[in-house]
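Pasted below: start_20.pdb, PDB, C-alpha atoms.
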```pdb
ATOM      1  CA  MET P  24     190.861 142.788 128.746
ATOM      2  CA  PRO P  25     190.137 142.156 132.431
ATOM      3  CA  GLU P  26     192.663 140.038 134.268
ATOM      4  CA  ASN P  27     190.162 137.317 135.268
ATOM      5  CA  SER P  28     188.490 136.895 131.886
ATOM      6  CA  SER P  29     189.054 133.832 129.752
ATOM      7  CA  THR P  30     191.679 134.065 127.056
ATOM      8  CA  SER P  31     190.854 130.708 125.512
ATOM      9  CA  CYS P  32     188.916 132.172 122.547
ATOM     10  CA  GLY P  33     187.329 128.808 121.765
ATOM     11  CA  VAL P  34     190.548 126.809 121.889
ATOM     12  CA  ASN P  35     189.935 123.243 123.002
ATOM     13  CA  THR P  36     192.436 122.384 125.729
ATOM     14  CA  PRO P  37     192.363 119.861 128.601
ATOM     15  CA  GLU P  38     192.221 122.762 131.068
ATOM     16  CA  HIS P  39     189.350 124.421 129.194
ATOM     17  CA  PRO P  40     187.473 121.917 127.011
ATOM     18  CA  ARG P  41     185.172 123.264 124.325
ATOM     19  CA  HIS P  42     182.496 120.864 125.622
ATOM     20  CA  PRO P  43     182.806 120.504 129.390
ATOM     21  CA  SER P  44     181.516 117.420 131.163
ATOM     22  CA  VAL P  45     178.040 117.098 132.634
ATOM     23  CA  LYS P  46     179.583 116.915 136.111
ATOM     24  CA  PHE P  47     181.382 120.227 135.559
ATOM     25  CA  LYS P  48     178.218 121.928 134.250
ATOM     26  CA  LEU P  49     176.196 120.679 137.236
ATOM     27  CA  GLU P  50     178.859 121.968 139.620
ATOM     28  CA  ILE P  51     178.705 125.431 138.010
ATOM     29  CA  LEU P  52     174.883 125.438 138.111
ATOM     30  CA  HIS P  53     174.982 124.393 141.770
ATOM     31  CA  ARG P  54     177.336 127.230 142.649
ATOM     32  CA  CYS P  55     175.361 129.859 140.721
ATOM     33  CA  PHE P  56     171.776 128.907 141.403
ATOM     34  CA  GLU P  57     171.812 126.939 144.674
ATOM     35  CA  LEU P  58     174.693 128.542 146.543
ATOM     36  CA  CYS P  59     173.778 131.942 145.006
ATOM     37  CA  GLU P  60     177.297 132.823 143.899
ATOM     38  CA  ASN P  61     177.513 135.683 141.420
ATOM     39  CA  VAL P  62     177.139 134.265 137.887
ATOM     40  CA  GLN P  63     179.564 136.819 136.436
ATOM     41  CA  ALA P  64     182.204 135.998 139.058
ATOM     42  CA  VAL P  65     181.865 132.244 138.503
ATOM     43  CA  SER P  66     181.936 132.818 134.745
ATOM     44  CA  SER P  67     185.200 134.760 134.977
ATOM     45  CA  GLU P  68     186.702 132.147 137.269
ATOM     46  CA  VAL P  69     185.913 129.092 135.148
ATOM     47  CA  GLY P  70     186.351 130.721 131.727
ATOM     48  CA  TYR P  71     182.890 130.066 130.302
ATOM     49  CA  SER P  72     180.557 132.899 129.382
ATOM     50  CA  THR P  73     177.529 133.860 131.430
ATOM     51  CA  ALA P  74     175.475 133.083 128.327
ATOM     52  CA  SER P  75     176.782 129.492 128.402
ATOM     53  CA  ILE P  76     175.918 129.148 132.086
ATOM     54  CA  TYR P  77     172.392 130.453 131.547
ATOM     55  CA  GLN P  78     172.017 128.171 128.516
ATOM     56  CA  TRP P  79     173.049 125.170 130.643
ATOM     57  CA  ARG P  80     170.492 126.222 133.254
ATOM     58  CA  LYS P  81     167.738 126.559 130.651
ATOM     59  CA  LYS P  82     168.504 123.117 129.213
ATOM     60  CA  TYR P  83     168.641 121.600 132.690
ATOM     61  CA  LEU P  84     165.286 123.098 133.682
ATOM     62  CA  GLN P  85     163.642 121.963 130.444
ATOM     63  CA  LYS P  86     164.931 118.399 130.122
ATOM     64  CA  GLY P  87     167.112 117.613 133.114
ATOM     65  CA  VAL P  88     170.642 116.226 133.236
ATOM     66  CA  ILE P  89     170.343 114.501 129.855
ATOM     67  CA  ALA P  90     170.096 117.892 128.158
ATOM     68  CA  LEU P  91     173.535 118.818 129.492
ATOM     69  CA  MET P  92     175.196 115.881 127.766
ATOM     70  CA  ASN P  93     177.142 116.703 124.639
ATOM     71  CA  PRO P  94     175.721 115.271 121.392
ATOM     72  CA  ALA P  95     177.676 112.401 119.849
ATOM     73  CA  ASN P  96     178.885 114.589 116.988
ATOM     74  CA  GLU P  97     180.431 117.020 119.499
ATOM     75  CA  ARG P  98     182.179 114.504 121.728
ATOM     76  CA  PRO P  99     185.961 114.739 121.762
ATOM     77  CA  ARG P 100     187.679 112.597 119.193
ATOM     78  CA  ASP P 101     191.044 110.894 119.399
ATOM     79  CA  PRO P 102     193.709 112.546 117.282
ATOM     80  CA  LEU P 103     194.557 110.856 114.001
ATOM     81  CA  SER P 104     197.897 109.130 113.908
ATOM     82  CA  PRO P 105     200.102 109.793 110.890
ATOM     83  CA  GLY P 106     199.864 107.176 108.179
ATOM     84  CA  GLU P 107     196.588 105.798 109.512
ATOM     85  CA  PHE P 108     194.923 106.242 106.151
ATOM     86  CA  SER P 109     196.843 104.991 103.153
ATOM     87  CA  ILE P 110     196.369 106.584  99.769
ATOM     88  CA  ASP P 111     195.773 103.983  97.093
ATOM     89  CA  SER P 112     197.021 105.333  93.756
ATOM     90  CA  LYS P 113     194.736 102.943  91.833
ATOM     91  CA  LYS P 114     191.691 104.419  93.579
ATOM     92  CA  ILE P 115     192.916 107.934  92.854
ATOM     93  CA  ASP P 116     193.410 107.116  89.156
ATOM     94  CA  LYS P 117     189.948 105.558  89.009
ATOM     95  CA  LEU P 118     188.408 108.653  90.609
ATOM     96  CA  LYS P 119     190.299 110.943  88.219
ATOM     97  CA  THR P 120     188.924 108.950  85.278
ATOM     98  CA  LYS P 121     185.392 109.296  86.644
ATOM     99  CA  ILE P 122     185.863 113.034  87.129
ATOM    100  CA  GLU P 123     187.085 113.429  83.537
ATOM    101  CA  ALA P 124     184.065 111.494  82.208
ATOM    102  CA  MET P 125     181.683 113.582  84.287
ATOM    103  CA  GLN P 126     183.387 116.795  83.128
ATOM    104  CA  LEU P 127     182.961 115.704  79.509
ATOM    105  CA  GLU P 128     179.274 114.965  80.133
ATOM    106  CA  LEU P 129     178.858 118.336  81.808
ATOM    107  CA  ASN P 130     180.486 120.113  78.837
ATOM    108  CA  VAL P 131     178.149 118.318  76.395
ATOM    109  CA  LEU P 132     175.115 119.306  78.470
ATOM    110  CA  ARG P 133     176.253 122.940  78.635
ATOM    111  CA  GLU P 134     176.780 123.036  74.877
ATOM    112  CA  THR P 135     173.340 121.488  74.330
ATOM    113  CA  ILE P 136     171.733 124.138  76.523
ATOM    114  CA  GLN P 137     173.519 126.883  74.558
ATOM    115  CA  CYS P 138     172.240 125.418  71.261
ATOM    116  CA  ILE P 139     168.690 125.256  72.600
ATOM    117  CA  LYS P 140     168.889 128.864  73.783
ATOM    118  CA  LYS P 141     170.042 130.049  70.359
ATOM    119  CA  ARG P 142     167.288 128.225  68.441
ATOM    120  CA  PRO P 143     163.938 130.075  68.489
ATOM    121  CA  MET P 144     161.233 128.033  70.139
ATOM    122  CA  ARG P 145     157.929 127.549  68.330
ATOM    123  CA  CYS P 146     154.783 127.440  70.367
ATOM    124  CA  ILE P 147     152.976 124.239  69.576
ATOM    125  CA  ASP P 148     149.298 123.914  70.413
ATOM    126  CA  PRO P 149     148.909 120.408  71.829
ATOM    127  CA  VAL P 150     145.219 120.325  70.930
ATOM    128  CA  LYS P 151     145.868 120.953  67.228
ATOM    129  CA  GLN P 152     148.771 118.482  67.215
ATOM    130  CA  SER P 153     146.587 115.651  68.518
ATOM    131  CA  GLY P 154     143.901 116.230  65.918
ATOM    132  CA  LYS P 155     141.254 117.157  68.475
ATOM    133  CA  GLY P 156     141.053 120.860  67.650
ATOM    134  CA  SER P 157     137.928 122.523  66.198
ATOM    135  CA  ASP P 158     139.457 122.630  62.677
ATOM    136  CA  HIS P 159     140.092 118.897  62.599
ATOM    137  CA  ARG P 160     136.689 117.397  63.293
ATOM    138  CA  ARG P 161     135.960 113.991  61.902
ATOM    139  CA  PRO P 162     132.797 113.722  59.956
ATOM    140  CA  GLU P 163     130.034 111.937  61.824
ATOM    141  CA  LYS P 164     128.699 108.711  60.293
TER     142      LYS P 164
END
```
Mind converting the file's structure to structure tokens?
Amino acid sequence: MPENSSTSCGVNTPEHPRHPSVKFKLEILHRCFELCENVQAVSSEVGYSTASIYQWRKKYLQKGVIALMNPANERPRDPLSPGEFSIDSKKIDKLKTKIEAMQLELNVLRETIQCIKKRPMRCIDPVKQSGKGSDHRRPEK
């Protein structure tokens, strides 16, 4: 591996965030496409791939600065503190009971399907069943 290449491998660290800021992306685009620095050299220096830089450029050209913002579902989240979520044993018992009831229902449905598969199906002509077939004409008055 070249000495200057990124070794982050997708690890999210303060020095190399998975989703860099808009300001950082604009700075990289400025260096590469306004100051004409070599994209590969800048890529190696900052630790983001050339593909990422060209993707940022494409987004910027299509929709402007707003396109460089990270979506809400990709924004960094605060770490969870231990014990933040308590486990309520009553809720767990209630959920276990529901799961058991649903499992029982599922077993009954599976058994019903197996019984239906084993029984030969008879083709029923709906026209003859309703009495409207040619053999079941009512006499005219």
Inset, instruction - Enter the distance from CA of Val62 in chain P to CA of Pro37 in chain P, in Å, rounded to one decimal. - result: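 CA of Pro37 in chain P lies at a distance of 22.9 Å from CA of Val62 in chain P.
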Legend entry - Residue among P:Val131, P:Val65, P:Leu49, P:Ile139 lying closest to Ile89 in chain P, counting only C-alpha atoms: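 Of P:Val131, P:Val65, P:Leu49, P:Ile139, the one nearest Ile89 in chain P, counting only C-alpha atoms, is P:Leu49.
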Legend entry - Atom pair CA of Asn61 in chain P / CA of Ser75 in chain P: separation (Å):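 Separation of CA of Asn61 in chain P and CA of Ser75 in chain P: 14.4 Å.
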Inset, instruction - Evaluate the PyMOL selection byres ((chain P and resi 44) around 12) on the structure here and hand back the selected residues as a PyMOL selection string. - result: chain P and resi 37-43+45-51+79+88-94+97-99
Inset, instruction - Rank P:Lys140, P:Glu68, P:Tyr77, P:Gly87 by their smallest atom-to-atom distance to Phe56 in chain P, using only C-alpha atoms, and report the top residue only. - result: P:Tyr77
Legend entry - Atom pair CA of Ser72 in chain P / CA of Lys86 in chain P: separation (Å): 21.3 Å
Inset, instruction - Identify which of the residues P:Gln137, P:Arg142, P:Leu52, P:Glu123 lies closest to Leu84 in chain P, counting all atoms listed in the file when measuring atom-to-atom distances. - result: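 That would be P:Leu52, the residue with the smallest distance to Leu84 in chain P.
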How big is the axis-aligned box around the listed atoms of range 42-55 of chain P once 5 Å is added on each side, and where is its centre? Give both in Å to one decimal, as AutoDock Vina command-line options.
```
--center_x 178.8 --center_y 123.4 --center_z 134.1 --size_x 17.9 --size_y 22.9 --size_z 27.0
```
